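Engineer: File follows, protein-v8.txt with compact mmCIF, C-alpha atoms:
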```txt
# COMPACT_ATOMS: atom_id res chain seq x y z
CA MET A 176 12.02 -28.98 3.27
CA PHE A 177 15.13 -27.83 1.36
CA THR A 178 14.45 -28.58 -2.32
CA THR A 179 17.49 -27.40 -4.28
CA ASP A 180 18.41 -30.04 -6.87
CA LYS A 181 21.43 -32.11 -5.96
CA THR A 182 24.56 -31.60 -8.02
CA ILE A 183 25.96 -34.83 -9.38
CA ARG A 184 29.64 -34.96 -8.53
CA ALA A 185 32.43 -37.46 -8.11
CA ARG A 186 32.77 -38.91 -4.63
CA ARG A 187 35.29 -41.66 -5.29
CA SER A 188 37.54 -40.98 -2.31
CA PHE A 189 37.64 -39.04 0.92
CA ILE A 190 40.18 -38.36 3.63
CA PHE A 191 40.00 -36.83 7.10
CA ALA A 192 42.03 -33.90 8.43
CA PRO A 193 42.00 -33.02 12.16
CA GLY A 194 40.05 -29.88 12.96
CA ASN A 195 42.77 -28.47 15.19
CA ARG A 196 45.34 -28.49 12.36
CA PRO A 197 44.27 -25.86 9.81
CA ASP A 198 47.78 -26.01 8.36
CA MET A 199 46.84 -29.47 7.08
CA PHE A 200 43.66 -28.34 5.28
CA PRO A 201 45.41 -27.13 2.08
CA LYS A 202 47.57 -30.28 1.99
CA ALA A 203 44.52 -32.51 2.26
CA LEU A 204 42.66 -30.51 -0.39
CA ALA A 205 45.60 -30.90 -2.79
CA CYS A 206 46.22 -34.63 -2.28
CA GLY A 207 43.97 -35.84 -5.11
CA THR A 208 40.93 -36.82 -3.09
CA ASP A 209 37.37 -35.90 -4.04
CA ILE A 210 36.31 -35.09 -0.46
CA VAL A 211 38.15 -33.61 2.51
CA CYS A 212 36.39 -34.03 5.84
CA VAL A 213 37.72 -31.91 8.69
CA ASP A 214 37.11 -33.92 11.83
CA LEU A 215 35.77 -32.57 15.13
CA GLU A 216 34.87 -36.03 16.46
CA ASP A 217 37.11 -39.09 16.75
CA ALA A 218 40.39 -37.40 15.77
CA ILE A 219 40.08 -34.74 18.47
CA ALA A 220 40.71 -35.28 22.18
CA PRO A 221 38.03 -33.86 24.51
CA LYS A 222 40.40 -31.15 25.79
CA ASP A 223 41.04 -29.94 22.22
CA LYS A 224 37.47 -29.88 20.90
CA ALA A 225 36.73 -26.20 21.53
CA HIS A 226 39.95 -25.15 19.77
CA ALA A 227 39.32 -27.56 16.87
CA ARG A 228 35.78 -26.23 16.47
CA GLN A 229 37.00 -22.65 16.24
CA GLN A 230 39.76 -23.52 13.77
CA ALA A 231 37.60 -25.68 11.51
CA PHE A 232 34.76 -23.20 11.14
CA ALA A 233 37.14 -20.27 10.73
CA HIS A 234 39.47 -21.74 8.12
CA LEU A 235 37.98 -24.62 6.08
CA ALA A 236 35.75 -22.57 3.79
CA THR A 237 38.63 -20.27 2.76
CA ALA A 238 41.51 -22.79 2.76
CA GLU A 239 43.50 -22.83 -0.46
CA GLY A 240 42.75 -25.85 -2.64
CA PRO A 241 41.05 -27.09 -5.83
CA GLU A 242 37.45 -25.95 -6.18
CA ARG A 243 36.35 -29.41 -7.30
CA VAL A 244 37.19 -30.93 -3.89
CA GLU A 245 34.17 -31.17 -1.59
CA ARG A 246 34.70 -29.66 1.87
CA ILE A 247 32.93 -31.20 4.86
CA ILE A 248 33.15 -30.81 8.63
CA ARG A 249 32.36 -33.90 10.72
CA LEU A 250 30.43 -32.76 13.77
CA ASN A 251 30.29 -34.55 17.07
CA CYS A 252 27.21 -36.68 17.74
CA LEU A 253 24.20 -34.37 17.83
CA ARG A 254 22.97 -36.02 21.02
CA THR A 255 26.02 -34.75 22.96
CA THR A 256 26.94 -31.37 24.40
CA GLU A 257 29.89 -31.10 22.00
CA GLY A 258 27.58 -31.81 19.07
CA MET A 259 25.18 -29.07 20.15
CA MET A 260 28.08 -26.62 20.39
CA ASP A 261 29.18 -27.69 16.89
CA VAL A 262 25.72 -26.87 15.56
CA GLN A 263 25.83 -23.46 17.22
CA ALA A 264 29.20 -22.80 15.56
CA LEU A 265 27.77 -23.97 12.23
CA LEU A 266 24.91 -21.48 12.47
CA GLN A 267 27.30 -18.64 13.40
CA ALA A 268 30.19 -19.48 11.02
CA PRO A 269 31.77 -16.44 9.31
CA GLU A 270 31.47 -18.21 5.95
CA PRO A 271 28.68 -20.72 5.14
CA ILE A 272 29.97 -24.27 5.50
CA PRO A 273 29.29 -26.27 2.32
CA ALA A 274 28.50 -29.54 4.11
CA VAL A 275 28.64 -31.34 7.44
CA MET A 276 28.90 -35.02 8.31
CA LEU A 277 26.71 -36.49 11.04
CA PRO A 278 28.12 -39.42 13.06
CA LYS A 279 26.41 -41.87 15.42
CA VAL A 280 22.96 -41.10 13.97
CA LYS A 281 20.21 -43.37 15.30
CA GLY A 282 17.17 -42.26 13.32
CA PRO A 283 15.74 -39.90 10.70
CA GLU A 284 14.50 -37.36 13.25
CA GLU A 285 18.07 -36.30 14.10
CA VAL A 286 18.78 -35.48 10.46
CA ARG A 287 15.40 -33.84 9.95
CA ASN A 288 15.80 -31.60 12.99
CA LEU A 289 19.17 -30.26 11.81
CA SER A 290 17.87 -29.84 8.26
CA ASP A 291 14.91 -27.81 9.52
CA LEU A 292 17.23 -25.65 11.63
CA LEU A 293 19.46 -24.92 8.64
CA THR A 294 16.40 -23.95 6.63
CA GLU A 295 15.27 -21.60 9.40
CA TYR A 296 18.69 -19.91 9.31
CA LYS A 297 18.64 -19.84 5.48
CA LEU A 298 21.91 -21.75 5.20
CA PRO A 299 22.73 -23.85 2.11
CA THR A 300 24.72 -26.49 4.03
CA ARG A 301 24.40 -30.04 2.68
CA LEU A 302 24.42 -33.19 4.81
CA HIS A 303 26.39 -36.44 4.79
CA VAL A 304 25.22 -39.14 7.20
CA ILE A 305 27.28 -41.98 8.66
CA ILE A 306 25.40 -45.24 9.17
CA GLU A 307 27.37 -46.80 12.02
CA THR A 308 24.84 -47.80 14.67
CA ASN A 309 22.46 -50.74 14.75
CA GLU A 310 19.51 -48.35 15.00
CA ALA A 311 20.68 -46.42 11.95
CA LEU A 312 21.13 -49.62 9.96
CA GLU A 313 17.53 -50.59 10.74
CA ALA A 314 16.32 -47.10 9.74
CA ALA A 315 18.72 -46.54 6.81
CA TYR A 316 15.95 -46.21 4.22
CA GLU A 317 14.06 -43.63 6.29
CA ILE A 318 17.28 -41.75 7.08
CA GLY A 319 18.14 -41.52 3.40
CA ARG A 320 14.76 -39.94 2.70
CA SER A 321 14.67 -37.67 5.76
CA SER A 322 16.01 -34.52 4.05
CA ASP A 323 16.64 -33.24 0.56
CA ARG A 324 19.91 -31.83 1.88
CA ILE A 325 21.49 -35.29 2.14
CA GLU A 326 24.17 -36.03 -0.46
CA ALA A 327 25.60 -39.37 0.68
CA LEU A 328 25.39 -42.17 3.20
CA PHE A 329 28.74 -43.27 4.65
CA PHE A 330 29.37 -46.69 6.12
CA GLY A 331 31.05 -46.59 9.55
CA GLY A 332 32.38 -50.12 9.64
CA VAL A 333 34.40 -50.02 12.87
CA ASP A 334 31.57 -48.73 15.05
CA MET A 335 29.07 -50.93 13.23
CA ALA A 336 31.10 -54.08 13.90
CA ALA A 337 31.25 -53.18 17.59
CA ASP A 338 27.52 -52.50 17.69
CA LEU A 339 26.69 -55.76 15.89
CA ARG A 340 29.21 -57.75 17.99
CA CYS A 341 30.82 -59.16 14.84
CA LYS A 342 34.30 -59.16 13.34
CA SER A 343 35.29 -56.29 11.08
CA THR A 344 35.60 -58.49 8.01
CA TRP A 345 34.02 -58.20 4.58
CA MET A 346 31.82 -61.25 5.03
CA ALA A 347 30.62 -60.28 8.52
CA LEU A 348 29.66 -56.76 7.38
CA GLN A 349 28.34 -57.55 3.90
CA TYR A 350 24.70 -57.38 4.99
CA ALA A 351 25.24 -53.98 6.60
CA ARG A 352 27.01 -52.69 3.50
CA SER A 353 24.25 -53.97 1.22
CA ARG A 354 21.54 -52.34 3.29
CA ILE A 355 23.33 -48.97 3.11
CA VAL A 356 23.78 -49.26 -0.67
CA HIS A 357 20.10 -50.07 -1.10
CA ALA A 358 19.03 -47.14 1.10
CA ALA A 359 21.31 -44.74 -0.78
CA ALA A 360 20.15 -45.93 -4.19
CA ALA A 361 16.49 -45.55 -3.19
CA SER A 362 17.03 -41.83 -2.60
CA GLY A 363 19.55 -41.16 -5.37
CA LEU A 364 22.42 -40.69 -2.91
CA ASP A 365 26.06 -41.64 -3.08
CA ALA A 366 27.21 -44.50 -0.86
CA ILE A 367 30.74 -44.25 0.54
CA ASP A 368 32.51 -47.24 2.08
CA VAL A 369 34.65 -47.23 5.20
CA PRO A 370 38.44 -46.75 4.84
CA TYR A 371 40.70 -49.80 4.72
CA LEU A 372 42.73 -49.53 7.91
CA ASP A 373 45.87 -51.53 7.07
CA LEU A 374 48.09 -49.02 5.29
CA GLU A 375 50.72 -51.64 4.40
CA ASP A 376 48.25 -54.08 2.79
CA ARG A 377 47.76 -52.53 -0.64
CA GLU A 378 46.45 -55.75 -2.19
CA GLY A 379 43.87 -56.11 0.56
CA MET A 380 42.76 -52.52 0.07
CA LEU A 381 42.48 -52.97 -3.70
CA ARG A 382 40.46 -56.16 -3.24
CA GLU A 383 38.05 -54.54 -0.78
CA ALA A 384 37.66 -51.41 -2.94
CA ALA A 385 36.79 -53.57 -5.95
CA LEU A 386 34.21 -55.49 -3.91
CA SER A 387 32.74 -52.21 -2.67
CA ALA A 388 32.38 -50.90 -6.23
CA GLU A 389 30.82 -54.19 -7.33
CA LEU A 390 28.30 -54.00 -4.48
CA GLY A 391 27.21 -50.51 -5.50
CA PHE A 392 29.29 -48.11 -3.43
CA THR A 393 30.34 -44.98 -5.33
CA GLY A 394 33.49 -44.34 -3.30
CA LYS A 395 35.69 -45.35 -0.38
CA GLY A 396 37.61 -43.60 2.36
CA ALA A 397 41.39 -43.39 2.75
CA ILE A 398 43.53 -43.18 5.86
CA HIS A 399 46.56 -41.86 3.95
CA PRO A 400 47.05 -39.95 0.68
CA LYS A 401 49.02 -42.86 -0.82
CA GLN A 402 45.79 -44.89 -0.97
CA ILE A 403 43.91 -42.28 -2.96
CA PRO A 404 45.22 -43.01 -6.50
CA ASP A 405 44.21 -46.67 -6.19
CA ILE A 406 40.80 -45.80 -4.76
CA ASN A 407 40.13 -43.19 -7.45
CA ALA A 408 41.14 -45.64 -10.16
CA THR A 409 38.81 -48.32 -8.79
CA PHE A 410 35.80 -46.00 -8.81
CA THR A 411 36.59 -44.27 -12.13
CA PRO A 412 34.70 -45.70 -15.14
CA ASP A 413 36.72 -47.08 -18.02
CA ALA A 414 36.72 -45.45 -21.46
CA ALA A 415 34.37 -48.01 -23.05
CA SER A 416 31.74 -47.52 -20.32
CA VAL A 417 31.97 -43.74 -20.65
CA GLU A 418 31.50 -43.87 -24.42
CA HIS A 419 28.52 -46.20 -24.06
CA ALA A 420 26.94 -43.85 -21.51
CA ARG A 421 27.40 -40.86 -23.83
CA GLN A 422 25.82 -42.70 -26.74
CA VAL A 423 22.81 -43.81 -24.70
CA ILE A 424 22.22 -40.31 -23.31
CA GLU A 425 22.41 -38.86 -26.83
CA ALA A 426 20.03 -41.53 -28.12
CA PHE A 427 17.52 -40.76 -25.35
CA ALA A 428 17.68 -37.08 -26.31
CA GLN A 429 16.54 -38.07 -29.80
CA CYS A 430 13.56 -40.17 -28.68
CA ASP A 431 10.26 -39.11 -27.11
CA GLY A 432 9.50 -41.99 -24.74
CA GLY A 433 10.86 -43.43 -21.53
CA LEU A 434 12.15 -46.54 -23.27
CA LEU A 435 14.90 -46.95 -25.83
CA VAL A 436 16.09 -49.92 -27.84
CA TYR A 437 19.80 -49.32 -28.33
CA LYS A 438 21.95 -51.82 -30.21
CA GLY A 439 19.32 -54.47 -29.62
CA LYS A 440 18.98 -53.88 -25.88
CA LEU A 441 16.00 -52.33 -24.09
CA ILE A 442 17.10 -49.41 -21.90
CA GLU A 443 14.78 -47.55 -19.54
CA LYS A 444 15.03 -43.86 -18.73
CA PRO A 445 15.94 -44.27 -15.00
CA VAL A 446 19.41 -45.49 -16.00
CA LEU A 447 20.19 -41.97 -17.23
CA ARG A 448 20.98 -40.82 -13.69
CA SER A 449 23.62 -43.49 -13.23
CA PHE A 450 25.05 -42.66 -16.65
CA ALA A 451 25.08 -38.94 -15.79
CA ARG A 452 26.98 -39.76 -12.58
CA MET A 453 29.42 -41.87 -14.59
CA LEU A 454 30.15 -38.97 -16.94
CA ALA A 455 30.57 -36.59 -13.99
CA VAL A 456 33.09 -38.96 -12.40
CA HIS A 457 34.95 -39.28 -15.70
CA GLU A 458 35.06 -35.49 -16.10
CA VAL A 459 36.49 -34.98 -12.62
CA ALA A 460 39.03 -37.75 -13.18
CA ASN A 461 40.44 -35.72 -16.06
CA VAL A 462 40.63 -32.41 -14.18
CA LYS A 463 44.23 -31.61 -13.28
```
Go ahead and express the file in the form of structure tokens.
Structural biologist:
Amino acid sequence: MFTTDKTIRARRSFIFAPGNRPDMFPKALACGTDIVCVDLEDAIAPKDKAHARQQAFAHLATAEGPERVERIIRLNCLRTTEGMMDVQALLQAPEPIPAVMLPKVKGPEEVRNLSDLLTEYKLPTRLHVIIETNEALEAAYEIGRSSDRIEALFFGGVDMAADLRCKSTWMALQYARSRIVHAAAASGLDAIDVPYLDLEDREGMLREAALSAELGFTGKGAIHPKQIPDINATFTPDAASVEHARQVIEAFAQCDGGLLVYKGKLIEKPVLRSFARMLAVHEVANVK
């Protein structure tokens, strides 16, 4: 199993760019998002998939853009012919691809098989997994623990609502969201919520982003760059929280045990990871 320690980084926002439009890669990378995901799946018509595959694997790794922005390619479902061809392109890419996103996953074995293949080919590629099927929701905990390459679990709300035969509303999907957050937290992963699809409803998007953050998601998708400043702001810690996190981390460095009484409150060592993530998010938020 791949055992390189995960790098804590900000994943407040992400946006898709179509794989057959490499001219859009630099624009997406420069739009203020934390993650750019070049799409080979839903955004690409069947007749264009071969061209999109070639363009994505040839140009994403070297596209001009801020180094802090995470670059991902969303593959087609691994249980399809297109998905298998995507994996072949991944293994033969001229430059190693930093990360790929796996859609329509049904169980941990799909993730484990790709992870083992990447290890065999000595590739450093990380994994992001979309939980958007009923089977994946049931197996979310096992999926989150299936490979040390996994960085985040993404919630695919549209496909999930169709699979569960429910409306795509916050209340109808709250259980699914909660289960994904719990699975991600159990493995120390980020949890990224589905984009808000009504571009003209800014208040609705802000409300849903705030609920996502309250539930435990670490970020949310965007369908347009104009949503990104609001999403980033929602998932960026305030100054008081950042200062408190710094003080607690410094206090832990001074003590020998796994417990700390700080300003009259008992704090246990496991909270340090969440505080470290908070400081990483704050640092990125201040990078121009």
Engineer: So that I can see what lies close to segment 272-284 of chain A, please list as a ChimeraX atom specification the residues with an atom at most 8 Å from it, counting all atoms listed in the file and leaving out residues fewer than 6 positions away in the same chain.
Structural biologist: /A:212,232,236,245-253,265,299-311,314-315,317-319,321
Engineer: Have a look at A:Phe189, A:Phe392, A:Phe410, A:Trp345 and name the one nearest to Val213 of chain A; count only C-alpha atoms.
Structural biologist: A:Phe189
Engineer: Using atom CA of Asp338 of chain A and atom CA of Asp323 of chain A as the two end points, give the distance in Å to one decimal.
Structural biologist: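 According to the coordinates, atom CA of Asp338 of chain A and atom CA of Asp323 of chain A are separated by 28.0 Å.
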Engineer: With only C-alpha atoms as the counted atoms, please give the residues lying no more than 12 Å from Ser343 of chain A, apart from itself and same-chain residues fewer than 2 positions off, as number ranges by chain.
Structural biologist: A: 331-341, 345-349, 351-352, 369-372
Engineer: Could you pull the residues within 12 Å of Ala268 of chain A, counting all atoms listed in the file, minus those fewer than 6 positions along the same chain, as a list of chain:residue names?
Structural biologist: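 Using all atoms listed in the file, the neighbours found are A:Arg228, A:Gln229, A:Gln230, A:Ala231, A:Phe232, A:Ala233, A:His234, A:Leu235, A:Ala236, A:Thr237, A:Ile248, A:Met260, A:Asp261, A:Val262, A:Tyr296, A:Leu298, A:Thr300.
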Engineer: Give as a count of residues only the set of residues within 12 Å of the point (26.4, -40.5, -14.6), where distances use the file's coordinates and only C-alpha atoms.
Structural biologist: 33
Engineer: Record the distance separating atom CA of Gly439 of chain A and atom CA of Ala388 of chain A, expressed in Å with one decimal.
Structural biologist: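 A separation of 27.0 Å between them.
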Engineer: Just need the box for segment 450-455 of chain A, edges along x, y and z, holding every atom the file lists for it with 8 Å tacked onto each side, so centre and edge lengths in Å to one decimal, as lines of an AutoDock Vina configuration file.
Structural biologist:
```
center_x = 27.8
center_y = -39.6
center_z = -14.8
size_x = 21.5
size_y = 22.1
size_z = 20.4
```
Engineer: Could you check the closest approach to Lys395 of chain A for each of A:Glu270, A:Glu216, A:Glu383, A:Asp291 and tell me which residue wins, using all atoms listed in the file?
Structural biologist: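 Distance minimum relative to Lys395 of chain A lands on A:Glu383.
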Engineer: Which residues, written as a PyMOL selection string, have at least one atom at most 12 Å from Ala397 of chain A, with all atoms listed in the file counted and residues fewer than 5 positions away on the same chain left out?
Structural biologist: chain A and resi 187-192+203+206-212+367-374+377+380-381+384+402-407
Engineer: So what do you get for atom CA of Asp431 of chain A versus atom CA of Leu364 of chain A, distance-wise?
Structural biologist: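 It comes out at 27.1 Å.
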